[in-house]
file target_1.cif (mmCIF, C-alpha atoms)
data_query
loop_
_atom_site.group_PDB
_atom_site.id
_atom_site.type_symbol
_atom_site.label_atom_id
_atom_site.label_comp_id
_atom_site.auth_asym_id
_atom_site.auth_seq_id
_atom_site.Cartn_x
_atom_site.Cartn_y
_atom_site.Cartn_z
ATOM 1 C CA MET A 1 57.180 -166.043 94.819
ATOM 2 C CA THR A 2 54.347 -168.457 93.987
ATOM 3 C CA LEU A 3 51.414 -168.568 91.573
ATOM 4 C CA GLN A 4 49.127 -168.318 94.581
ATOM 5 C CA GLN A 5 50.734 -165.031 95.588
ATOM 6 C CA LEU A 6 50.378 -163.724 92.052
ATOM 7 C CA ARG A 7 46.683 -164.637 92.055
ATOM 8 C CA TYR A 8 46.312 -162.734 95.333
ATOM 9 C CA LEU A 9 47.897 -159.651 93.750
ATOM 10 C CA ILE A 10 45.552 -159.842 90.792
ATOM 11 C CA SER A 11 42.529 -160.129 93.055
ATOM 12 C CA ILE A 12 43.547 -157.106 95.132
ATOM 13 C CA ASP A 13 44.010 -155.071 91.982
ATOM 14 C CA ARG A 14 40.675 -156.206 90.526
ATOM 15 C CA HIS A 15 38.644 -155.434 93.654
ATOM 16 C CA ARG A 16 40.714 -152.512 94.981
ATOM 17 C CA SER A 17 39.684 -153.668 98.447
ATOM 18 C CA PHE A 18 41.348 -156.159 100.769
ATOM 19 C CA ALA A 19 37.994 -157.206 102.221
ATOM 20 C CA ARG A 20 36.381 -157.913 98.838
ATOM 21 C CA ALA A 21 39.527 -159.562 97.444
ATOM 22 C CA ALA A 22 39.818 -161.819 100.491
ATOM 23 C CA GLU A 23 36.143 -162.784 100.197
ATOM 24 C CA ALA A 24 36.572 -163.617 96.511
ATOM 25 C CA LEU A 25 39.649 -165.714 97.285
ATOM 26 C CA GLY A 26 38.006 -167.512 100.201
ATOM 27 C CA ILE A 27 40.624 -166.424 102.748
ATOM 28 C CA THR A 28 40.697 -163.998 105.664
ATOM 29 C CA GLN A 29 41.688 -160.382 105.233
ATOM 30 C CA PRO A 30 44.623 -160.678 107.696
ATOM 31 C CA THR A 31 45.975 -163.625 105.690
ATOM 32 C CA LEU A 32 45.803 -161.596 102.490
ATOM 33 C CA SER A 33 47.445 -158.554 104.066
ATOM 34 C CA ALA A 34 50.228 -160.676 105.514
ATOM 35 C CA MET A 35 50.872 -162.308 102.140
ATOM 36 C CA LEU A 36 51.150 -158.945 100.421
ATOM 37 C CA LEU A 37 53.506 -157.592 103.062
ATOM 38 C CA LYS A 38 55.707 -160.690 102.753
ATOM 39 C CA LEU A 39 55.834 -160.367 98.970
ATOM 40 C CA GLU A 40 56.674 -156.658 99.117
ATOM 41 C CA GLU A 41 59.496 -157.428 101.525
ATOM 42 C CA GLU A 42 60.753 -160.207 99.266
ATOM 43 C CA LEU A 43 60.754 -157.930 96.206
ATOM 44 C CA ASP A 44 61.834 -154.877 98.179
ATOM 45 C CA VAL A 45 59.169 -152.738 96.490
ATOM 46 C CA ARG A 46 55.804 -151.325 97.494
ATOM 47 C CA ILE A 47 53.107 -152.790 95.250
ATOM 48 C CA PHE A 48 50.007 -151.024 96.617
ATOM 49 C CA GLU A 49 49.404 -147.722 98.354
ATOM 50 C CA ARG A 50 46.897 -148.381 101.133
ATOM 51 C CA THR A 51 44.709 -145.869 102.940
ATOM 52 C CA ASN A 52 41.513 -146.231 104.931
ATOM 53 C CA ARG A 53 39.548 -145.352 101.808
ATOM 54 C CA SER A 54 41.434 -146.806 98.859
ATOM 55 C CA VAL A 55 43.887 -149.397 97.581
ATOM 56 C CA GLU A 56 45.823 -148.297 94.500
ATOM 57 C CA PRO A 57 48.839 -149.908 92.788
ATOM 58 C CA THR A 58 52.042 -147.939 92.698
ATOM 59 C CA ALA A 59 53.730 -147.324 89.359
ATOM 60 C CA ALA A 60 56.022 -150.304 89.970
ATOM 61 C CA GLY A 61 53.077 -152.287 91.331
ATOM 62 C CA ALA A 62 51.055 -151.766 88.157
ATOM 63 C CA ARG A 63 53.864 -153.264 86.075
ATOM 64 C CA ILE A 64 54.231 -156.187 88.480
ATOM 65 C CA ILE A 65 50.496 -156.877 88.346
ATOM 66 C CA ARG A 66 50.444 -156.888 84.530
ATOM 67 C CA GLN A 67 53.306 -159.395 84.536
ATOM 68 C CA ALA A 68 51.511 -161.458 87.186
ATOM 69 C CA GLU A 69 48.420 -161.610 84.956
ATOM 70 C CA ARG A 70 50.502 -162.908 82.073
ATOM 71 C CA ALA A 71 52.275 -165.463 84.269
ATOM 72 C CA VAL A 72 49.039 -166.819 85.758
ATOM 73 C CA ALA A 73 47.400 -166.985 82.323
ATOM 74 C CA GLU A 74 50.328 -168.961 80.919
ATOM 75 C CA ALA A 75 50.286 -171.337 83.886
ATOM 76 C CA GLU A 76 46.564 -171.971 83.446
ATOM 77 C CA ARG A 77 47.153 -172.803 79.785
ATOM 78 C CA ILE A 78 48.902 -176.006 80.911
ATOM 79 C CA ALA A 79 45.690 -177.293 82.504
ATOM 80 C CA GLU A 80 43.749 -176.147 79.436
ATOM 81 C CA LEU A 81 46.101 -178.072 77.132
ATOM 82 C CA VAL A 82 45.558 -181.248 79.140
ATOM 83 C CA ALA A 83 41.771 -180.774 79.184
ATOM 84 C CA GLU A 84 41.673 -180.198 75.420
ATOM 85 C CA GLN A 85 43.822 -183.274 74.835
ATOM 86 C CA LYS A 86 41.423 -185.372 76.928
ATOM 87 C CA GLY A 87 38.386 -183.882 75.188
ATOM 88 C CA GLU A 88 37.037 -182.519 78.470
ATOM 89 C CA VAL A 89 34.731 -179.525 78.829
ATOM 90 C CA ALA A 90 35.108 -178.400 82.423
ATOM 91 C CA GLY A 91 36.623 -175.654 84.529
ATOM 92 C CA ALA A 92 35.982 -171.930 84.503
ATOM 93 C CA LEU A 93 34.735 -169.794 81.623
ATOM 94 C CA SER A 94 34.744 -166.023 81.922
ATOM 95 C CA LEU A 95 32.747 -164.114 79.295
ATOM 96 C CA ALA A 96 32.584 -160.372 78.677
ATOM 97 C CA VAL A 97 29.500 -159.138 76.817
ATOM 98 C CA ALA A 98 28.897 -155.640 75.457
ATOM 99 C CA PRO A 99 25.940 -153.752 77.012
ATOM 100 C CA THR A 100 24.345 -153.227 73.583
ATOM 101 C CA VAL A 101 24.233 -157.002 73.075
ATOM 102 C CA ALA A 102 23.689 -158.369 76.597
ATOM 103 C CA PRO A 103 19.915 -157.728 76.970
ATOM 104 C CA TYR A 104 19.165 -159.832 73.897
ATOM 105 C CA LEU A 105 21.558 -162.723 74.476
ATOM 106 C CA LEU A 106 22.077 -163.261 78.182
ATOM 107 C CA PRO A 107 18.613 -164.270 79.479
ATOM 108 C CA GLN A 108 18.327 -167.246 77.121
ATOM 109 C CA PHE A 109 22.069 -167.902 76.931
ATOM 110 C CA ILE A 110 22.394 -168.362 80.693
ATOM 111 C CA GLU A 111 19.266 -170.531 80.834
ATOM 112 C CA HIS A 112 20.546 -172.925 78.157
ATOM 113 C CA TYR A 113 24.217 -172.879 79.149
ATOM 114 C CA VAL A 114 23.875 -173.755 82.829
ATOM 115 C CA ARG A 115 21.507 -176.591 81.938
ATOM 116 C CA GLU A 116 23.729 -178.082 79.217
ATOM 117 C CA TYR A 117 27.125 -177.511 80.866
ATOM 118 C CA PRO A 118 26.680 -177.752 84.654
ATOM 119 C CA GLN A 119 30.318 -178.782 85.016
ATOM 120 C CA VAL A 120 31.516 -175.379 83.732
ATOM 121 C CA ASP A 121 31.956 -172.539 86.216
ATOM 122 C CA LEU A 122 30.473 -169.735 84.107
ATOM 123 C CA SER A 123 30.931 -166.058 84.944
ATOM 124 C CA ILE A 124 29.751 -163.143 82.799
ATOM 125 C CA ARG A 125 30.471 -159.412 82.959
ATOM 126 C CA GLU A 126 29.047 -156.570 80.916
ATOM 127 C CA LEU A 127 31.937 -154.548 79.513
ATOM 128 C CA LYS A 128 32.260 -151.976 76.754
ATOM 129 C CA ALA A 129 34.344 -153.144 73.794
ATOM 130 C CA GLY A 130 37.564 -151.403 74.868
ATOM 131 C CA ASP A 131 37.346 -152.730 78.428
ATOM 132 C CA MET A 132 36.486 -156.182 77.097
ATOM 133 C CA LEU A 133 39.629 -156.271 74.932
ATOM 134 C CA ASP A 134 41.731 -155.073 77.874
ATOM 135 C CA ALA A 135 40.282 -157.876 79.998
ATOM 136 C CA LEU A 136 41.093 -160.430 77.293
ATOM 137 C CA GLN A 137 44.679 -159.278 76.982
ATOM 138 C CA ARG A 138 45.152 -159.320 80.763
ATOM 139 C CA GLY A 139 43.686 -162.803 81.097
ATOM 140 C CA GLN A 140 40.678 -161.498 83.041
ATOM 141 C CA ALA A 141 38.249 -162.830 80.431
ATOM 142 C CA ASP A 142 38.396 -165.908 78.221
ATOM 143 C CA ALA A 143 36.190 -164.541 75.455
ATOM 144 C CA GLY A 144 34.045 -161.546 74.634
ATOM 145 C CA ILE A 145 30.943 -160.841 72.547
ATOM 146 C CA ALA A 146 30.551 -157.375 71.016
ATOM 147 C CA LEU A 147 30.021 -155.483 67.772
ATOM 148 C CA ALA A 148 32.323 -156.552 64.963
ATOM 149 C CA GLY A 149 35.125 -154.240 63.890
ATOM 150 C CA ASN A 150 36.700 -153.668 67.301
ATOM 151 C CA GLY A 151 39.672 -155.996 66.925
ATOM 152 C CA ARG A 152 43.187 -155.063 67.921
ATOM 153 C CA PRO A 153 46.618 -156.735 67.675
ATOM 154 C CA GLY A 154 46.807 -159.833 69.836
ATOM 155 C CA THR A 155 43.121 -160.710 69.502
ATOM 156 C CA LEU A 156 41.026 -162.800 67.121
ATOM 157 C CA GLU A 157 37.629 -161.634 65.878
ATOM 158 C CA ILE A 158 35.243 -164.412 64.828
ATOM 159 C CA PRO A 159 31.903 -163.379 63.245
ATOM 160 C CA LEU A 160 28.937 -164.886 65.118
ATOM 161 C CA TYR A 161 25.746 -163.467 63.671
ATOM 162 C CA THR A 162 24.217 -160.565 61.774
ATOM 163 C CA GLU A 163 20.948 -158.867 62.659
ATOM 164 C CA ARG A 164 18.883 -156.329 60.784
ATOM 165 C CA PHE A 165 17.866 -152.945 62.033
ATOM 166 C CA LEU A 166 14.215 -152.016 61.820
ATOM 167 C CA VAL A 167 12.384 -148.739 62.293
ATOM 168 C CA TYR A 168 10.030 -148.257 65.228
ATOM 169 C CA LEU A 169 7.443 -145.555 64.499
ATOM 170 C CA SER A 170 5.053 -143.780 66.795
ATOM 171 C CA GLU A 171 1.415 -144.705 66.277
ATOM 172 C CA SER A 172 0.719 -141.404 64.531
ATOM 173 C CA CYS A 173 3.579 -142.052 62.081
ATOM 174 C CA SER A 174 2.741 -145.699 61.508
ATOM 175 C CA ARG A 175 -0.800 -144.832 60.470
ATOM 176 C CA ARG A 176 0.580 -142.548 57.757
ATOM 177 C CA HIS A 177 3.508 -144.699 56.592
ATOM 178 C CA ALA A 178 2.976 -148.318 55.582
ATOM 179 C CA ARG A 179 6.621 -148.380 54.485
ATOM 180 C CA PHE A 180 9.713 -146.531 55.683
ATOM 181 C CA ARG A 181 12.371 -144.888 53.548
ATOM 182 C CA PRO A 182 15.354 -142.949 54.942
ATOM 183 C CA GLU A 183 14.335 -139.761 53.137
ATOM 184 C CA MET A 184 11.423 -139.521 55.578
ATOM 185 C CA LEU A 185 13.998 -138.183 58.037
ATOM 186 C CA GLU A 186 13.318 -134.676 56.777
ATOM 187 C CA HIS A 187 9.723 -134.832 57.953
ATOM 188 C CA GLU A 188 9.817 -136.618 61.301
ATOM 189 C CA GLN A 189 11.639 -136.489 64.617
ATOM 190 C CA MET A 190 14.355 -139.086 64.906
ATOM 191 C CA TRP A 191 15.532 -140.443 68.240
ATOM 192 C CA ILE A 192 18.826 -142.352 68.353
ATOM 193 C CA MET A 193 21.017 -144.137 70.858
ATOM 194 C CA GLN A 194 24.386 -142.653 71.743
ATOM 195 C CA GLU A 195 26.552 -143.762 68.812
ATOM 196 C CA ALA A 196 25.731 -147.438 69.421
ATOM 197 C CA GLN A 197 23.504 -147.611 66.371
ATOM 198 C CA CYS A 198 25.851 -145.660 64.088
ATOM 199 C CA LEU A 199 27.883 -148.717 63.252
ATOM 200 C CA ARG A 200 30.850 -148.826 60.925
ATOM 201 C CA GLU A 201 29.268 -151.388 58.639
ATOM 202 C CA SER A 202 25.698 -150.055 58.756
ATOM 203 C CA ALA A 203 26.391 -146.723 57.018
ATOM 204 C CA PHE A 204 22.973 -145.375 57.975
ATOM 205 C CA SER A 205 22.060 -142.215 56.170
ATOM 206 C CA PHE A 206 20.179 -141.423 59.403
ATOM 207 C CA CYS A 207 23.317 -141.243 61.505
ATOM 208 C CA LYS A 208 25.444 -139.611 58.853
ATOM 209 C CA ALA A 209 22.934 -136.839 58.241
ATOM 210 C CA ARG A 210 21.937 -135.760 61.708
ATOM 211 C CA GLY A 211 21.481 -132.156 60.634
ATOM 212 C CA ARG A 212 18.788 -132.996 58.072
ATOM 213 C CA GLY A 213 16.019 -133.924 60.471
ATOM 214 C CA ARG A 214 13.957 -131.455 62.426
ATOM 215 C CA ARG A 215 15.336 -132.629 65.772
ATOM 216 C CA ILE A 216 17.477 -135.528 66.901
ATOM 217 C CA TYR A 217 17.701 -136.673 70.510
ATOM 218 C CA GLU A 218 20.128 -139.142 72.045
ATOM 219 C CA ALA A 219 19.271 -141.669 74.748
ATOM 220 C CA GLY A 220 21.148 -144.469 76.491
ATOM 221 C CA SER A 221 19.004 -147.537 75.793
ATOM 222 C CA ILE A 222 16.642 -148.949 73.191
ATOM 223 C CA GLU A 223 13.871 -149.323 75.758
ATOM 224 C CA THR A 224 14.126 -145.625 76.637
ATOM 225 C CA LEU A 225 13.972 -144.662 72.973
ATOM 226 C CA ILE A 226 10.828 -146.714 72.416
ATOM 227 C CA ARG A 227 9.106 -145.083 75.390
ATOM 228 C CA ILE A 228 10.141 -141.642 74.088
ATOM 229 C CA VAL A 229 8.707 -142.420 70.648
ATOM 230 C CA ASP A 230 5.464 -143.737 72.159
ATOM 231 C CA ARG A 231 5.042 -140.543 74.155
ATOM 232 C CA ASN A 232 6.468 -137.898 71.823
ATOM 233 C CA GLY A 233 6.068 -139.204 68.277
ATOM 234 C CA GLY A 234 8.721 -139.648 65.596
ATOM 235 C CA TYR A 235 10.728 -142.834 65.232
ATOM 236 C CA THR A 236 13.866 -144.717 66.263
ATOM 237 C CA ILE A 237 15.958 -147.669 65.053
ATOM 238 C CA ILE A 238 15.861 -151.025 66.855
ATOM 239 C CA PRO A 239 17.778 -154.303 66.347
ATOM 240 C CA GLU A 240 15.870 -157.353 65.162
ATOM 241 C CA MET A 241 16.386 -159.212 68.440
ATOM 242 C CA HIS A 242 14.457 -156.527 70.304
ATOM 243 C CA LEU A 243 11.217 -157.604 68.605
ATOM 244 C CA PRO A 244 10.307 -160.300 71.197
ATOM 245 C CA LEU A 245 10.416 -157.591 73.884
ATOM 246 C CA LEU A 246 7.695 -155.505 72.219
ATOM 247 C CA THR A 247 3.988 -155.759 72.933
ATOM 248 C CA ALA A 248 1.553 -156.743 70.181
ATOM 249 C CA GLN A 249 0.507 -153.099 69.921
ATOM 250 C CA GLN A 250 4.116 -151.960 69.586
ATOM 251 C CA LEU A 251 4.923 -154.626 66.969
ATOM 252 C CA ALA A 252 2.359 -152.992 64.713
ATOM 253 C CA ASN A 253 4.589 -149.895 64.651
ATOM 254 C CA VAL A 254 7.679 -151.712 63.311
ATOM 255 C CA ARG A 255 8.724 -151.254 59.680
ATOM 256 C CA PRO A 256 11.616 -152.647 57.600
ATOM 257 C CA ILE A 257 14.044 -150.092 56.175
ATOM 258 C CA GLU A 258 13.655 -149.816 52.419
ATOM 259 C CA GLY A 259 16.121 -148.631 49.841
ATOM 260 C CA ASP A 260 19.790 -149.290 49.192
ATOM 261 C CA TYR A 261 20.962 -148.955 52.800
ATOM 262 C CA LEU A 262 22.939 -151.497 54.769
ATOM 263 C CA SER A 263 20.752 -151.579 57.867
ATOM 264 C CA GLN A 264 22.317 -154.298 59.994
ATOM 265 C CA ARG A 265 24.940 -154.958 62.608
ATOM 266 C CA ARG A 266 27.422 -157.799 62.930
ATOM 267 C CA ILE A 267 28.256 -159.377 66.274
ATOM 268 C CA ALA A 268 31.575 -161.127 66.826
ATOM 269 C CA LEU A 269 33.305 -163.356 69.340
ATOM 270 C CA TYR A 270 36.660 -161.999 70.542
ATOM 271 C CA LEU A 271 39.513 -163.979 72.070
ATOM 272 C CA ARG A 272 43.261 -163.821 72.444
ATOM 273 C CA ASP A 273 45.157 -165.009 69.405
ATOM 274 C CA ASP A 274 46.939 -167.643 71.504
ATOM 275 C CA CYS A 275 43.689 -169.148 72.823
ATOM 276 C CA ILE A 276 43.617 -172.950 72.727
ATOM 277 C CA ARG A 277 40.232 -173.667 74.356
ATOM 278 C CA GLU A 278 38.446 -174.761 71.219
ATOM 279 C CA ARG A 279 36.062 -177.160 72.944
ATOM 280 C CA MET A 280 35.127 -174.595 75.582
ATOM 281 C CA LEU A 281 34.522 -171.882 72.972
ATOM 282 C CA ASN A 282 32.244 -174.219 71.057
ATOM 283 C CA THR A 283 30.043 -174.538 74.137
ATOM 284 C CA VAL A 284 29.328 -170.824 73.598
ATOM 285 C CA THR A 285 28.447 -171.127 69.917
ATOM 286 C CA ASP A 286 26.482 -174.348 70.446
ATOM 287 C CA THR A 287 24.428 -172.581 73.101
ATOM 288 C CA LEU A 288 23.733 -169.642 70.797
ATOM 289 C CA LEU A 289 22.537 -172.052 68.118
ATOM 290 C CA ARG A 290 19.941 -173.421 70.532
ATOM 291 C CA PHE A 291 17.919 -170.209 70.570
ATOM 292 C CA MET A 292 19.216 -167.846 67.878
ATOM 293 C CA PRO A 293 17.434 -167.790 64.493
ATOM 294 C CA ARG A 294 19.507 -169.984 62.207
ATOM 295 C CA THR A 295 19.300 -167.407 59.417
ATOM 296 C CA MET A 296 21.078 -164.848 61.607
ATOM 297 C CA MET A 297 23.997 -167.061 62.589
ATOM 298 C CA GLU A 298 27.207 -167.006 60.568
ATOM 299 C CA GLU A 299 27.051 -169.978 58.197
ATOM 300 C CA ARG A 300 30.571 -171.154 59.004
ATOM 301 C CA ILE A 301 29.782 -171.170 62.736
ATOM 302 C CA ALA A 302 26.474 -172.948 62.231
ATOM 303 C CA ARG A 303 28.077 -175.696 60.110
ATOM 304 C CA PHE A 304 31.523 -176.197 61.600
ATOM 305 C CA GLY A 305 31.709 -174.366 64.907
ATOM 306 C CA ILE A 306 34.971 -172.717 65.955
ATOM 307 C CA ARG A 307 38.257 -174.109 64.659
ATOM 308 C CA LEU A 308 41.432 -172.668 66.166
#
call {"tool": "encode", "arguments": {"input": "target_1.cif", "output": "structure tokens"}}
result
Amino acid sequence: MTLQQLRYLISIDRHRSFARAAEALGITQPTLSAMLLKLEEELDVRIFERTNRSVEPTAAGARIIRQAERAVAEAERIAELVAEQKGEVAGALSLAVAPTVAPYLLPQFIEHYVREYPQVDLSIRELKAGDMLDALQRGQADAGIALAGNGRPGTLEIPLYTERFLVYLSESCSRRHARFRPEMLEHEQMWIMQEAQCLRESAFSFCKARGRGRRIYEAGSIETLIRIVDRNGGYTIIPEMHLPLLTAQQLANVRPIEGDYLSQRRIALYLRDDCIRERMLNTVTDTLLRFMPRTMMEERIARFGIRL
């Protein structure tokens, strides 16, 4: 059994297709199939159930694959240790980014990162927080960016930045309300995103008192909510980093939230607690500092970067 064979297993499991796994590995499908058959014969166990329509790991295969992921990750740590010792920033970097964060970070992040670090093979996937943490623990991602407060044993959570929430009013509302207070909920329609804006640390009276308003609707994206408000009236809540995506006319409908309410969300960087790629992780934070408002960034990150 070799590391190459283990990488092949992981690729088959990830793609659930011999054709796609072979393409990703840069080998032919017959070569991949032959390798798997040889390994199954060597171990005397069936790792995948194959049909014309699907490729699924067996119960024993699933356990073997999880162990393969750990073995490959540990082997790759040797090369990472050498690179860190030499002060090199090169190799592959796999990031997982939450869908509620990706639209605001990725366009500028990718632009700056590929220009500043052309020697790094960067790959990014959008994953919900739970899937992101699974990918980290399996070695399928090197780091993740998502809402703070989602940590679990075996992972580190490093605060990156904090952004305010603002209220986006329809034109009819904005003409009547120069300021916005949460108690206005009783008089207007409120439109919210599915749980994503009801954050642990935000403690919005809006989200905790859904029954108080006349009607509350749920949508799947901020952009959809804004279009609903523009067409139907009422208001919604938007993160600060959505402001550059609004038109000049829409910006006139934005109001800060007044009163004693914690209207913000914290974004964190997640990694395995045995991560050693300090230099590589600092390429992520250094890139964020190139375009993020300095006042939003965590002070410790802005001053010192990441220290493992």
call {"tool": "residues_around", "arguments": {"input": "target_1.cif", "residues": "A:Thr162", "least_positions_apart": "5", "cutoff": "6 Å", "atoms": "all atoms listed in the file", "output": "JSON, numbers by chain"}}
result
{"A": [265, 266, 296]}
call {"tool": "residues_around", "arguments": {"input": "target_1.cif", "residues": "A:Glu298", "least_positions_apart": "3", "cutoff": "10 Å", "atoms": "only C-alpha atoms", "output": "mmCIF file with C-alpha atoms, keeping the file's coordinate frame"}}
result
data_model
loop_
_atom_site.group_PDB
_atom_site.id
_atom_site.type_symbol
_atom_site.label_atom_id
_atom_site.label_comp_id
_atom_site.auth_asym_id
_atom_site.auth_seq_id
_atom_site.Cartn_x
_atom_site.Cartn_y
_atom_site.Cartn_z
ATOM 1 C CA ILE A 158 35.243 -164.412 64.828
ATOM 2 C CA PRO A 159 31.903 -163.379 63.245
ATOM 3 C CA LEU A 160 28.937 -164.886 65.118
ATOM 4 C CA TYR A 161 25.746 -163.467 63.671
ATOM 5 C CA THR A 162 24.217 -160.565 61.774
ATOM 6 C CA ARG A 266 27.422 -157.799 62.930
ATOM 7 C CA ILE A 267 28.256 -159.377 66.274
ATOM 8 C CA ALA A 268 31.575 -161.127 66.826
ATOM 9 C CA ARG A 294 19.507 -169.984 62.207
ATOM 10 C CA THR A 295 19.300 -167.407 59.417
ATOM 11 C CA ILE A 301 29.782 -171.170 62.736
ATOM 12 C CA ALA A 302 26.474 -172.948 62.231
ATOM 13 C CA ARG A 303 28.077 -175.696 60.110
ATOM 14 C CA GLY A 305 31.709 -174.366 64.907
#
call {"tool": "resolve_selection", "arguments": {"input": "target_1.cif", "expression": "the PyMOL selection byres ((chain A and resi 92-100) around 8)", "output": "ChimeraX atom specification"}}
result
/A:90-91,101-103,120-129,132,140-147,196,280
call {"tool": "residues_around", "arguments": {"input": "target_1.cif", "residues": "A:Met241", "least_positions_apart": "2", "cutoff": "8 Å", "atoms": "all atoms listed in the file", "output": "ChimeraX atom specification"}}
result
/A:104,163,239,243-244
call {"tool": "residues_around", "arguments": {"input": "target_1.cif", "residues": "A:Ile10", "least_positions_apart": "2", "cutoff": "9 Å", "atoms": "all atoms listed in the file", "output": "count of residues only"}}
result
13
call {"tool": "atom_distance", "arguments": {"input": "target_1.cif", "atom1": "atom CA of A:Leu156", "atom2": "atom CA of A:Arg272"}}
result
5.9 Å
call {"tool": "residues_near_point", "arguments": {"input": "target_1.cif", "point": "(33.6, -168.6, 71.0)", "cutoff": "7 Å", "atoms": "all atoms listed in the file", "output": "count of residues only"}}
result
7
call {"tool": "closest_residue", "arguments": {"input": "target_1.cif", "among": "A:Leu43, A:Met190, A:Ala252, A:Leu105", "to": "A:Glu171", "atoms": "all atoms listed in the file"}}
result
A:Ala252
call {"tool": "closest_residue", "arguments": {"input": "target_1.cif", "among": "A:Ser170, A:Ser17, A:Gln108, A:Thr28", "to": "A:Ile228", "atoms": "all atoms listed in the file"}}
result
A:Ser170
call {"tool": "atom_distance", "arguments": {"input": "target_1.cif", "atom1": "atom CA of A:Glu240", "atom2": "atom CA of A:Asp131"}}
result
25.7 Å
call {"tool": "atom_distance", "arguments": {"input": "target_1.cif", "atom1": "atom CA of A:Ile237", "atom2": "atom CA of A:Phe165"}}
result
6.4 Å
call {"tool": "residues_around", "arguments": {"input": "target_1.cif", "residues": "A:Leu225", "least_positions_apart": "4", "cutoff": "7 Å", "atoms": "all atoms listed in the file", "output": "compact mmCIF listing (two decimals) with C-alpha atoms, keeping the file's coordinate frame"}}
result
# COMPACT_ATOMS: atom_id res chain seq x y z
CA TRP A 191 15.53 -140.44 68.24
CA ALA A 219 19.27 -141.67 74.75
CA SER A 221 19.00 -147.54 75.79
CA VAL A 229 8.71 -142.42 70.65
CA THR A 236 13.87 -144.72 66.26
call {"tool": "closest_residue", "arguments": {"input": "target_1.cif", "among": "A:Arg152, A:Arg255, A:Arg138, A:Arg164", "to": "A:Val72", "atoms": "only C-alpha atoms"}}
result
A:Arg138
call {"tool": "closest_residue", "arguments": {"input": "target_1.cif", "among": "A:Gln119, A:Ser263, A:Thr31, A:Gln137", "to": "A:Thr283", "atoms": "only C-alpha atoms"}}
result
A:Gln119
call {"tool": "closest_residue", "arguments": {"input": "target_1.cif", "among": "A:Ile257, A:Val114, A:Val167, A:Leu289", "to": "A:Phe304", "atoms": "all atoms listed in the file"}}
result
A:Leu289
call {"tool": "closest_residue", "arguments": {"input": "target_1.cif", "among": "A:Ser11, A:Gln29, A:Thr51, A:Gln4", "to": "A:Ala75", "atoms": "all atoms listed in the file"}}
result
A:Gln4
call {"tool": "decode", "arguments": {"input": "target_1.cif", "residues": "stretch 286-297 of chain A", "atoms": "N, CA and C atoms", "output": "PDB file, in the first residue's frame"}}
result
ATOM      1  N   ASP A 286      -2.831  38.623   5.150  1.00  0.00           N
ATOM      2  CA  ASP A 286      -2.191  39.755   4.476  1.00  0.00           C
ATOM      3  C   ASP A 286      -3.003  40.194   3.264  1.00  0.00           C
ATOM      4  N   THR A 287      -3.591  39.235   2.570  1.00  0.00           N
ATOM      5  CA  THR A 287      -4.419  39.567   1.412  1.00  0.00           C
ATOM      6  C   THR A 287      -5.688  40.289   1.844  1.00  0.00           C
ATOM      7  N   LEU A 288      -6.311  39.825   2.924  1.00  0.00           N
ATOM      8  CA  LEU A 288      -7.498  40.506   3.429  1.00  0.00           C
ATOM      9  C   LEU A 288      -7.191  41.954   3.796  1.00  0.00           C
ATOM     10  N   LEU A 289      -6.027  42.169   4.386  1.00  0.00           N
ATOM     11  CA  LEU A 289      -5.649  43.522   4.808  1.00  0.00           C
ATOM     12  C   LEU A 289      -5.439  44.462   3.625  1.00  0.00           C
ATOM     13  N   ARG A 290      -5.271  43.924   2.442  1.00  0.00           N
ATOM     14  CA  ARG A 290      -5.065  44.763   1.264  1.00  0.00           C
ATOM     15  C   ARG A 290      -6.345  45.461   0.803  1.00  0.00           C
ATOM     16  N   PHE A 291      -7.508  44.875   1.137  1.00  0.00           N
ATOM     17  CA  PHE A 291      -8.738  45.497   0.649  1.00  0.00           C
ATOM     18  C   PHE A 291      -9.818  45.678   1.711  1.00  0.00           C
ATOM     19  N   MET A 292      -9.678  45.026   2.863  1.00  0.00           N
ATOM     20  CA  MET A 292     -10.673  45.178   3.916  1.00  0.00           C
ATOM     21  C   MET A 292     -10.460  46.493   4.666  1.00  0.00           C
ATOM     22  N   PRO A 293     -11.544  47.162   5.081  1.00  0.00           N
ATOM     23  CA  PRO A 293     -11.372  48.351   5.934  1.00  0.00           C
ATOM     24  C   PRO A 293     -10.601  47.986   7.194  1.00  0.00           C
ATOM     25  N   ARG A 294      -9.580  48.755   7.487  1.00  0.00           N
ATOM     26  CA  ARG A 294      -8.721  48.453   8.636  1.00  0.00           C
ATOM     27  C   ARG A 294      -9.513  48.417   9.937  1.00  0.00           C
ATOM     28  N   THR A 295     -10.530  49.271  10.029  1.00  0.00           N
ATOM     29  CA  THR A 295     -11.321  49.346  11.264  1.00  0.00           C
ATOM     30  C   THR A 295     -12.134  48.080  11.503  1.00  0.00           C
ATOM     31  N   MET A 296     -12.378  47.297  10.461  1.00  0.00           N
ATOM     32  CA  MET A 296     -13.148  46.068  10.613  1.00  0.00           C
ATOM     33  C   MET A 296     -12.270  44.900  11.057  1.00  0.00           C
ATOM     34  N   MET A 297     -11.004  44.930  10.661  1.00  0.00           N
ATOM     35  CA  MET A 297     -10.122  43.805  10.934  1.00  0.00           C
ATOM     36  C   MET A 297      -9.819  43.698  12.431  1.00  0.00           C
TER      37      MET A 297
END
